[in-house]
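Asker: Got run18.pdb for you, PDB, N, CA and C atoms, pLDDT in the B column:
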```pdb
ATOM      1  N   MET A1066     119.557 105.894 132.572  1.00 75.00           N
ATOM      2  CA  MET A1066     118.515 104.938 132.202  1.00 75.00           C
ATOM      3  C   MET A1066     117.762 105.485 130.999  1.00 75.00           C
ATOM      4  N   ALA A1067     117.529 104.626 130.021  1.00 86.00           N
ATOM      5  CA  ALA A1067     116.851 105.042 128.790  1.00 86.00           C
ATOM      6  C   ALA A1067     115.395 105.400 129.076  1.00 86.00           C
ATOM      7  N   GLU A1068     114.932 106.392 128.356  1.00 96.00           N
ATOM      8  CA  GLU A1068     113.551 106.818 128.486  1.00 96.00           C
ATOM      9  C   GLU A1068     112.839 106.608 127.159  1.00 96.00           C
ATOM     10  N   ARG A1069     111.499 106.657 127.212  1.00 97.00           N
ATOM     11  CA  ARG A1069     110.701 106.554 125.997  1.00 97.00           C
ATOM     12  C   ARG A1069     109.900 107.836 125.840  1.00 97.00           C
ATOM     13  N   THR A1070     109.975 108.403 124.648  1.00 98.00           N
ATOM     14  CA  THR A1070     109.193 109.571 124.282  1.00 98.00           C
ATOM     15  C   THR A1070     108.196 109.144 123.227  1.00 98.00           C
ATOM     16  N   THR A1071     106.939 109.563 123.375  1.00 98.00           N
ATOM     17  CA  THR A1071     105.909 109.218 122.398  1.00 98.00           C
ATOM     18  C   THR A1071     105.537 110.446 121.585  1.00 98.00           C
ATOM     19  N   VAL A1072     105.539 110.263 120.262  1.00 98.00           N
ATOM     20  CA  VAL A1072     105.107 111.293 119.326  1.00 98.00           C
ATOM     21  C   VAL A1072     103.759 110.849 118.781  1.00 98.00           C
ATOM     22  N   ASP A1073     102.714 111.573 119.109  1.00 98.00           N
ATOM     23  CA  ASP A1073     101.375 111.215 118.639  1.00 98.00           C
ATOM     24  C   ASP A1073     101.103 111.960 117.333  1.00 98.00           C
ATOM     25  N   ALA A1074     101.345 111.262 116.218  1.00 98.00           N
ATOM     26  CA  ALA A1074     101.152 111.847 114.891  1.00 98.00           C
ATOM     27  C   ALA A1074      99.925 111.254 114.206  1.00 98.00           C
ATOM     28  N   ARG A1075      99.017 110.694 115.002  1.00 98.00           N
ATOM     29  CA  ARG A1075      97.802 110.122 114.417  1.00 98.00           C
ATOM     30  C   ARG A1075      96.999 111.227 113.740  1.00 98.00           C
ATOM     31  N   GLY A1076      96.533 110.931 112.525  1.00 97.00           N
ATOM     32  CA  GLY A1076      95.771 111.906 111.754  1.00 97.00           C
ATOM     33  C   GLY A1076      96.628 112.704 110.791  1.00 97.00           C
ATOM     34  N   ALA A1077      97.940 112.697 110.982  1.00 97.00           N
ATOM     35  CA  ALA A1077      98.853 113.420 110.086  1.00 97.00           C
ATOM     36  C   ALA A1077      99.254 112.516 108.924  1.00 97.00           C
ATOM     37  N   LEU A1078      99.367 113.106 107.752  1.00 95.00           N
ATOM     38  CA  LEU A1078      99.750 112.344 106.563  1.00 95.00           C
ATOM     39  C   LEU A1078     101.250 112.446 106.324  1.00 95.00           C
ATOM     40  N   CYS A1079     101.781 111.451 105.635  1.00 91.00           N
ATOM     41  CA  CYS A1079     103.191 111.408 105.266  1.00 91.00           C
ATOM     42  C   CYS A1079     103.543 112.682 104.494  1.00 91.00           C
ATOM     43  N   PRO A1080     104.622 113.336 104.780  1.00 95.00           N
ATOM     44  CA  PRO A1080     105.752 112.943 105.623  1.00 95.00           C
ATOM     45  C   PRO A1080     105.705 113.522 107.041  1.00 95.00           C
ATOM     46  N   ALA A1081     104.590 114.068 107.472  1.00 97.00           N
ATOM     47  CA  ALA A1081     104.515 114.731 108.783  1.00 97.00           C
ATOM     48  C   ALA A1081     104.957 113.851 109.959  1.00 97.00           C
ATOM     49  N   PRO A1082     104.530 112.572 110.061  1.00 98.00           N
ATOM     50  CA  PRO A1082     105.005 111.763 111.198  1.00 98.00           C
ATOM     51  C   PRO A1082     106.534 111.634 111.235  1.00 98.00           C
ATOM     52  N   LEU A1083     107.166 111.467 110.066  1.00 98.00           N
ATOM     53  CA  LEU A1083     108.622 111.385 110.013  1.00 98.00           C
ATOM     54  C   LEU A1083     109.244 112.719 110.415  1.00 98.00           C
ATOM     55  N   MET A1084     108.684 113.816 109.971  1.00 98.00           N
ATOM     56  CA  MET A1084     109.216 115.136 110.326  1.00 98.00           C
ATOM     57  C   MET A1084     109.113 115.374 111.835  1.00 98.00           C
ATOM     58  N   GLU A1085     108.019 114.911 112.443  1.00 98.00           N
ATOM     59  CA  GLU A1085     107.868 115.042 113.901  1.00 98.00           C
ATOM     60  C   GLU A1085     108.903 114.187 114.633  1.00 98.00           C
ATOM     61  N   LEU A1086     109.186 112.990 114.100  1.00 98.00           N
ATOM     62  CA  LEU A1086     110.215 112.125 114.679  1.00 98.00           C
ATOM     63  C   LEU A1086     111.572 112.818 114.610  1.00 98.00           C
ATOM     64  N   ILE A1087     111.916 113.370 113.460  1.00 98.00           N
ATOM     65  CA  ILE A1087     113.202 114.040 113.279  1.00 98.00           C
ATOM     66  C   ILE A1087     113.331 115.207 114.260  1.00 98.00           C
ATOM     67  N   ALA A1088     112.267 115.980 114.427  1.00 98.00           N
ATOM     68  CA  ALA A1088     112.291 117.101 115.367  1.00 98.00           C
ATOM     69  C   ALA A1088     112.490 116.613 116.798  1.00 98.00           C
ATOM     70  N   THR A1089     111.867 115.508 117.160  1.00 98.00           N
ATOM     71  CA  THR A1089     111.959 114.962 118.517  1.00 98.00           C
ATOM     72  C   THR A1089     113.347 114.426 118.825  1.00 98.00           C
ATOM     73  N   LEU A1090     114.049 113.915 117.819  1.00 97.00           N
ATOM     74  CA  LEU A1090     115.391 113.370 118.029  1.00 97.00           C
ATOM     75  C   LEU A1090     116.338 114.393 118.658  1.00 97.00           C
ATOM     76  N   LYS A1091     116.103 115.673 118.406  1.00 97.00           N
ATOM     77  CA  LYS A1091     116.972 116.722 118.936  1.00 97.00           C
ATOM     78  C   LYS A1091     116.864 116.856 120.453  1.00 97.00           C
ATOM     79  N   PHE A1092     115.778 116.346 121.032  1.00 97.00           N
ATOM     80  CA  PHE A1092     115.503 116.556 122.456  1.00 97.00           C
ATOM     81  C   PHE A1092     115.664 115.311 123.318  1.00 97.00           C
ATOM     82  N   VAL A1093     116.088 114.187 122.728  1.00 98.00           N
ATOM     83  CA  VAL A1093     116.265 112.959 123.506  1.00 98.00           C
ATOM     84  C   VAL A1093     117.735 112.553 123.502  1.00 98.00           C
ATOM     85  N   GLU A1094     118.098 111.719 124.458  1.00 97.00           N
ATOM     86  CA  GLU A1094     119.479 111.270 124.609  1.00 97.00           C
ATOM     87  C   GLU A1094     119.736 110.001 123.799  1.00 97.00           C
ATOM     88  N   ILE A1095     121.011 109.748 123.500  1.00 97.00           N
ATOM     89  CA  ILE A1095     121.399 108.501 122.847  1.00 97.00           C
ATOM     90  C   ILE A1095     120.963 107.344 123.744  1.00 97.00           C
ATOM     91  N   GLY A1096     120.341 106.330 123.143  1.00 98.00           N
ATOM     92  CA  GLY A1096     119.836 105.180 123.892  1.00 98.00           C
ATOM     93  C   GLY A1096     118.366 105.277 124.233  1.00 98.00           C
ATOM     94  N   ASP A1097     117.790 106.465 124.100  1.00 98.00           N
ATOM     95  CA  ASP A1097     116.361 106.628 124.387  1.00 98.00           C
ATOM     96  C   ASP A1097     115.514 106.098 123.240  1.00 98.00           C
ATOM     97  N   GLU A1098     114.330 105.623 123.584  1.00 98.00           N
ATOM     98  CA  GLU A1098     113.363 105.156 122.584  1.00 98.00           C
ATOM     99  C   GLU A1098     112.412 106.287 122.219  1.00 98.00           C
ATOM    100  N   ILE A1099     112.040 106.290 120.958  1.00 98.00           N
ATOM    101  CA  ILE A1099     110.976 107.181 120.498  1.00 98.00           C
ATOM    102  C   ILE A1099     109.917 106.298 119.852  1.00 98.00           C
ATOM    103  N   GLU A1100     108.684 106.486 120.300  1.00 98.00           N
ATOM    104  CA  GLU A1100     107.543 105.766 119.729  1.00 98.00           C
ATOM    105  C   GLU A1100     106.728 106.779 118.930  1.00 98.00           C
ATOM    106  N   VAL A1101     106.488 106.461 117.655  1.00 98.00           N
ATOM    107  CA  VAL A1101     105.644 107.311 116.817  1.00 98.00           C
ATOM    108  C   VAL A1101     104.323 106.591 116.615  1.00 98.00           C
ATOM    109  N   LEU A1102     103.229 107.236 116.994  1.00 98.00           N
ATOM    110  CA  LEU A1102     101.892 106.712 116.743  1.00 98.00           C
ATOM    111  C   LEU A1102     101.401 107.352 115.458  1.00 98.00           C
ATOM    112  N   THR A1103     101.007 106.537 114.480  1.00 98.00           N
ATOM    113  CA  THR A1103     100.585 107.072 113.192  1.00 98.00           C
ATOM    114  C   THR A1103      99.412 106.279 112.619  1.00 98.00           C
ATOM    115  N   THR A1104      98.507 106.997 111.983  1.00 98.00           N
ATOM    116  CA  THR A1104      97.404 106.348 111.265  1.00 98.00           C
ATOM    117  C   THR A1104      97.729 106.245 109.781  1.00 98.00           C
ATOM    118  N   ASP A1105      98.877 106.783 109.379  1.00 97.00           N
ATOM    119  CA  ASP A1105      99.294 106.781 107.978  1.00 97.00           C
ATOM    120  C   ASP A1105     100.104 105.520 107.681  1.00 97.00           C
ATOM    121  N   GLU A1106      99.538 104.628 106.876  1.00 96.00           N
ATOM    122  CA  GLU A1106     100.211 103.362 106.593  1.00 96.00           C
ATOM    123  C   GLU A1106     101.562 103.569 105.924  1.00 96.00           C
ATOM    124  N   GLY A1107     101.661 104.581 105.070  1.00 96.00           N
ATOM    125  CA  GLY A1107     102.933 104.868 104.413  1.00 96.00           C
ATOM    126  C   GLY A1107     104.027 105.199 105.411  1.00 96.00           C
ATOM    127  N   SER A1108     103.675 105.962 106.433  1.00 97.00           N
ATOM    128  CA  SER A1108     104.651 106.313 107.465  1.00 97.00           C
ATOM    129  C   SER A1108     105.109 105.087 108.245  1.00 97.00           C
ATOM    130  N   SER A1109     104.218 104.119 108.426  1.00 97.00           N
ATOM    131  CA  SER A1109     104.589 102.907 109.162  1.00 97.00           C
ATOM    132  C   SER A1109     105.649 102.111 108.407  1.00 97.00           C
ATOM    133  N   LYS A1110     105.760 102.355 107.113  1.00 96.00           N
ATOM    134  CA  LYS A1110     106.783 101.685 106.291  1.00 96.00           C
ATOM    135  C   LYS A1110     107.992 102.588 106.059  1.00 96.00           C
ATOM    136  N   ASP A1111     107.750 103.890 105.874  1.00 97.00           N
ATOM    137  CA  ASP A1111     108.827 104.829 105.557  1.00 97.00           C
ATOM    138  C   ASP A1111     109.722 105.135 106.754  1.00 97.00           C
ATOM    139  N   ILE A1112     109.138 105.230 107.935  1.00 98.00           N
ATOM    140  CA  ILE A1112     109.939 105.566 109.119  1.00 98.00           C
ATOM    141  C   ILE A1112     111.019 104.506 109.379  1.00 98.00           C
ATOM    142  N   PRO A1113     110.692 103.193 109.366  1.00 98.00           N
ATOM    143  CA  PRO A1113     111.759 102.203 109.586  1.00 98.00           C
ATOM    144  C   PRO A1113     112.874 102.276 108.539  1.00 98.00           C
ATOM    145  N   VAL A1114     112.527 102.561 107.293  1.00 98.00           N
ATOM    146  CA  VAL A1114     113.546 102.688 106.242  1.00 98.00           C
ATOM    147  C   VAL A1114     114.480 103.852 106.570  1.00 98.00           C
ATOM    148  N   TRP A1115     113.903 104.982 106.951  1.00 98.00           N
ATOM    149  CA  TRP A1115     114.702 106.155 107.293  1.00 98.00           C
ATOM    150  C   TRP A1115     115.576 105.886 108.515  1.00 98.00           C
ATOM    151  N   VAL A1116     114.989 105.284 109.557  1.00 98.00           N
ATOM    152  CA  VAL A1116     115.723 104.999 110.790  1.00 98.00           C
ATOM    153  C   VAL A1116     116.970 104.167 110.496  1.00 98.00           C
ATOM    154  N   ASN A1117     116.814 103.123 109.702  1.00 97.00           N
ATOM    155  CA  ASN A1117     117.952 102.260 109.365  1.00 97.00           C
ATOM    156  C   ASN A1117     118.959 102.987 108.477  1.00 97.00           C
ATOM    157  N   LYS A1118     118.466 103.805 107.561  1.00 98.00           N
ATOM    158  CA  LYS A1118     119.331 104.528 106.628  1.00 98.00           C
ATOM    159  C   LYS A1118     120.256 105.501 107.351  1.00 98.00           C
ATOM    160  N   VAL A1119     119.754 106.163 108.379  1.00 98.00           N
ATOM    161  CA  VAL A1119     120.558 107.184 109.058  1.00 98.00           C
ATOM    162  C   VAL A1119     121.319 106.646 110.277  1.00 98.00           C
ATOM    163  N   GLY A1120     121.183 105.349 110.584  1.00 98.00           N
ATOM    164  CA  GLY A1120     122.025 104.749 111.609  1.00 98.00           C
ATOM    165  C   GLY A1120     121.443 104.621 112.998  1.00 98.00           C
ATOM    166  N   HIS A1121     120.123 104.737 113.124  1.00 98.00           N
ATOM    167  CA  HIS A1121     119.487 104.474 114.411  1.00 98.00           C
ATOM    168  C   HIS A1121     119.026 103.008 114.403  1.00 98.00           C
ATOM    169  N   SER A1122     118.370 102.555 115.460  1.00 98.00           N
ATOM    170  CA  SER A1122     117.921 101.164 115.542  1.00 98.00           C
ATOM    171  C   SER A1122     116.407 101.085 115.626  1.00 98.00           C
ATOM    172  N   MET A1123     115.846 100.175 114.875  1.00 98.00           N
ATOM    173  CA  MET A1123     114.409  99.904 114.956  1.00 98.00           C
ATOM    174  C   MET A1123     114.153  98.883 116.051  1.00 98.00           C
ATOM    175  N   VAL A1124     113.117  99.125 116.845  1.00 98.00           N
ATOM    176  CA  VAL A1124     112.655  98.156 117.827  1.00 98.00           C
ATOM    177  C   VAL A1124     111.534  97.342 117.199  1.00 98.00           C
ATOM    178  N   GLY A1125     110.598  98.036 116.524  1.00 98.00           N
ATOM    179  CA  GLY A1125     109.528  97.320 115.854  1.00 98.00           C
ATOM    180  C   GLY A1125     108.383  98.210 115.433  1.00 98.00           C
ATOM    181  N   VAL A1126     107.533  97.627 114.607  1.00 98.00           N
ATOM    182  CA  VAL A1126     106.303  98.279 114.135  1.00 98.00           C
ATOM    183  C   VAL A1126     105.149  97.361 114.499  1.00 98.00           C
ATOM    184  N   THR A1127     104.161  97.907 115.204  1.00 98.00           N
ATOM    185  CA  THR A1127     103.026  97.113 115.657  1.00 98.00           C
ATOM    186  C   THR A1127     101.731  97.798 115.251  1.00 98.00           C
ATOM    187  N   LYS A1128     100.819  97.028 114.680  1.00 98.00           N
ATOM    188  CA  LYS A1128      99.477  97.554 114.372  1.00 98.00           C
ATOM    189  C   LYS A1128      98.666  97.487 115.652  1.00 98.00           C
ATOM    190  N   VAL A1129      98.120  98.627 116.066  1.00 95.00           N
ATOM    191  CA  VAL A1129      97.332  98.711 117.298  1.00 95.00           C
ATOM    192  C   VAL A1129      95.973  99.301 116.934  1.00 95.00           C
ATOM    193  N   GLU A1130      94.965  98.458 116.837  1.00 96.00           N
ATOM    194  CA  GLU A1130      93.615  98.888 116.473  1.00 96.00           C
ATOM    195  C   GLU A1130      93.635  99.726 115.192  1.00 96.00           C
ATOM    196  N   ASP A1131      93.469 101.050 115.312  1.00 96.00           N
ATOM    197  CA  ASP A1131      93.330 101.898 114.118  1.00 96.00           C
ATOM    198  C   ASP A1131      94.620 102.651 113.772  1.00 96.00           C
ATOM    199  N   HIS A1132      95.757 102.282 114.393  1.00 98.00           N
ATOM    200  CA  HIS A1132      97.002 102.987 114.098  1.00 98.00           C
ATOM    201  C   HIS A1132      98.195 102.045 114.262  1.00 98.00           C
ATOM    202  N   TRP A1133      99.384 102.557 113.929  1.00 98.00           N
ATOM    203  CA  TRP A1133     100.625 101.809 114.087  1.00 98.00           C
ATOM    204  C   TRP A1133     101.465 102.467 115.179  1.00 98.00           C
ATOM    205  N   SER A1134     102.212 101.640 115.877  1.00 98.00           N
ATOM    206  CA  SER A1134     103.209 102.102 116.836  1.00 98.00           C
ATOM    207  C   SER A1134     104.578 101.744 116.234  1.00 98.00           C
ATOM    208  N   VAL A1135     105.368 102.762 115.952  1.00 98.00           N
ATOM    209  CA  VAL A1135     106.701 102.579 115.376  1.00 98.00           C
ATOM    210  C   VAL A1135     107.706 103.004 116.439  1.00 98.00           C
ATOM    211  N   VAL A1136     108.536 102.069 116.886  1.00 98.00           N
ATOM    212  CA  VAL A1136     109.469 102.345 117.987  1.00 98.00           C
ATOM    213  C   VAL A1136     110.904 102.203 117.494  1.00 98.00           C
ATOM    214  N   MET A1137     111.706 103.234 117.796  1.00 98.00           N
ATOM    215  CA  MET A1137     113.124 103.217 117.420  1.00 98.00           C
ATOM    216  C   MET A1137     113.961 103.677 118.599  1.00 98.00           C
ATOM    217  N   VAL A1138     115.292 103.440 118.506  1.00 98.00           N
ATOM    218  CA  VAL A1138     116.240 103.861 119.533  1.00 98.00           C
ATOM    219  C   VAL A1138     117.252 104.809 118.890  1.00 98.00           C
ATOM    220  N   LYS A1139     117.461 105.957 119.524  1.00 98.00           N
ATOM    221  CA  LYS A1139     118.453 106.916 119.037  1.00 98.00           C
ATOM    222  C   LYS A1139     119.846 106.358 119.268  1.00 98.00           C
ATOM    223  N   GLN A1140     120.668 106.316 118.213  1.00 98.00           N
ATOM    224  CA  GLN A1140     122.005 105.739 118.306  1.00 98.00           C
ATOM    225  C   GLN A1140     123.134 106.753 118.208  1.00 98.00           C
ATOM    226  N   LYS A1141     122.818 107.961 117.767  1.00 95.00           N
ATOM    227  CA  LYS A1141     123.911 108.952 117.618  1.00 95.00           C
ATOM    228  C   LYS A1141     123.397 110.350 117.824  1.00 95.00           C
TER     229      LYS A1141
END
```
Let me see whether you can do it: turn the structure in this file into structure tokens.
Answerer:
Amino acid sequence: MAERTTVDARGALCPAPLMELIATLKFVEIGDEIEVLTTDEGSSKDIPVWVNKVGHSMVGVTKVEDHWSVVMVKQK
């Protein structure tokens, strides 16, 4: 059964949220979701581009009060 891991990168500036996501990918299984919480607007745009470029799947980007929730699924 797929699990969800949350990376709380609020307060970190680009590229730190993406780097934290990349580090987390090593510890989750294929099919698992990773949610990145970020206050950096650039990361809310850059992470989906990277996810699609390297072959994972985007679930979505949602603005939640003072931050974004970026959710992806590990595909490989």
Asker: Extract, using all atoms listed in the file, all DNA, RNA and protein residues at most 7 Å from stretch 1085-1092 of chain A, discarding same-chain residues fewer than 5 positions from it, and format them as a ChimeraX atom specification.
Answerer: /A:1072,1080,1101
Asker: Please enumerate the residues selected by the PyMOL selection byres ((chain A and resi 1108) around 8) when evaluated against the supplied file, formatted as a VMD selection string.
Answerer: chain A and resid 1078 to 1083 1103 to 1107 1109 to 1114 1135
Asker: Taking the file as shown, what set of residues would the PyMOL selection byres ((chain A and resi 1136) around 5) give back, as a list in words?
Answerer: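 What the PyMOL selection byres ((chain A and resi 1136) around 5) grabs from the file is Ile1099, Glu1100, Val1101, Met1123, Val1124, Gly1125, Ser1134, Val1135, Met1137 and Val1138 of chain A.
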Asker: Please work out which residues fall within 6 Å of (110.3, 108.0, 123.7), coordinates as given in the file, with only N, CA and C atoms counting, and return them as a ChimeraX atom specification.
Answerer: /A:1068-1071,1097-1100
Asker: So which residues of stretch 1094-1137 of chain A fall under strand (DSSP E or B) by DSSP, listed as a PyMOL selection string?
Answerer: chain A and resi 1098-1103+1122-1129+1132-1137
Asker: Between atom CA of A:Trp1115 and atom CA of A:Ala1067, what distance in Å does the model show, to one decimal?
Answerer: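 Going from atom CA of A:Trp1115 over to atom CA of A:Ala1067, I get 21.6 Å.
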Asker: Taking only chain A into account, list the residues labelled alpha helix (DSSP H) by DSSP (computed from the backbone), as a list of chain:residue names.
Answerer: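 In chain A, DSSP puts these residues in alpha helix (DSSP H): A:Ala1081, A:Pro1082, A:Leu1083, A:Met1084, A:Glu1085, A:Leu1086, A:Ile1087, A:Ala1088, A:Thr1089, A:Leu1090, A:Glu1106, A:Gly1107, A:Ser1108, A:Ser1109, A:Lys1110, A:Asp1111, A:Ile1112, A:Pro1113, A:Val1114, A:Trp1115, A:Val1116, A:Asn1117, A:Lys1118, A:Val1119.
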Asker: Just checking: using only C-alpha atoms, which residue out of A:Lys1141, A:His1132, A:Arg1075, A:His1121 ends up closest to A:Ile1095?
Answerer: A:Lys1141
Asker: Box time for stretch 1104-1108 of chain A: axis-aligned, enclosing all its listed atoms, 4 Å extra on each side; report centre and edge lengths in Å to one decimal, as lines of an AutoDock Vina configuration file.
Answerer:
```
center_x = 101.3
center_y = 105.2
center_z = 108.2
size_x = 15.7
size_y = 11.6
size_z = 15.6
```
Asker: What does the distance from atom CA of A:Gly1096 to atom CA of A:Gly1076 come to in Å, to one decimal?
Answerer: 27.8 Å
Asker: Report, in Å to a single decimal, how far apart atom CA of A:Asn1117 and atom CA of A:Glu1094 are.
Answerer: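 It comes out at 17.8 Å.
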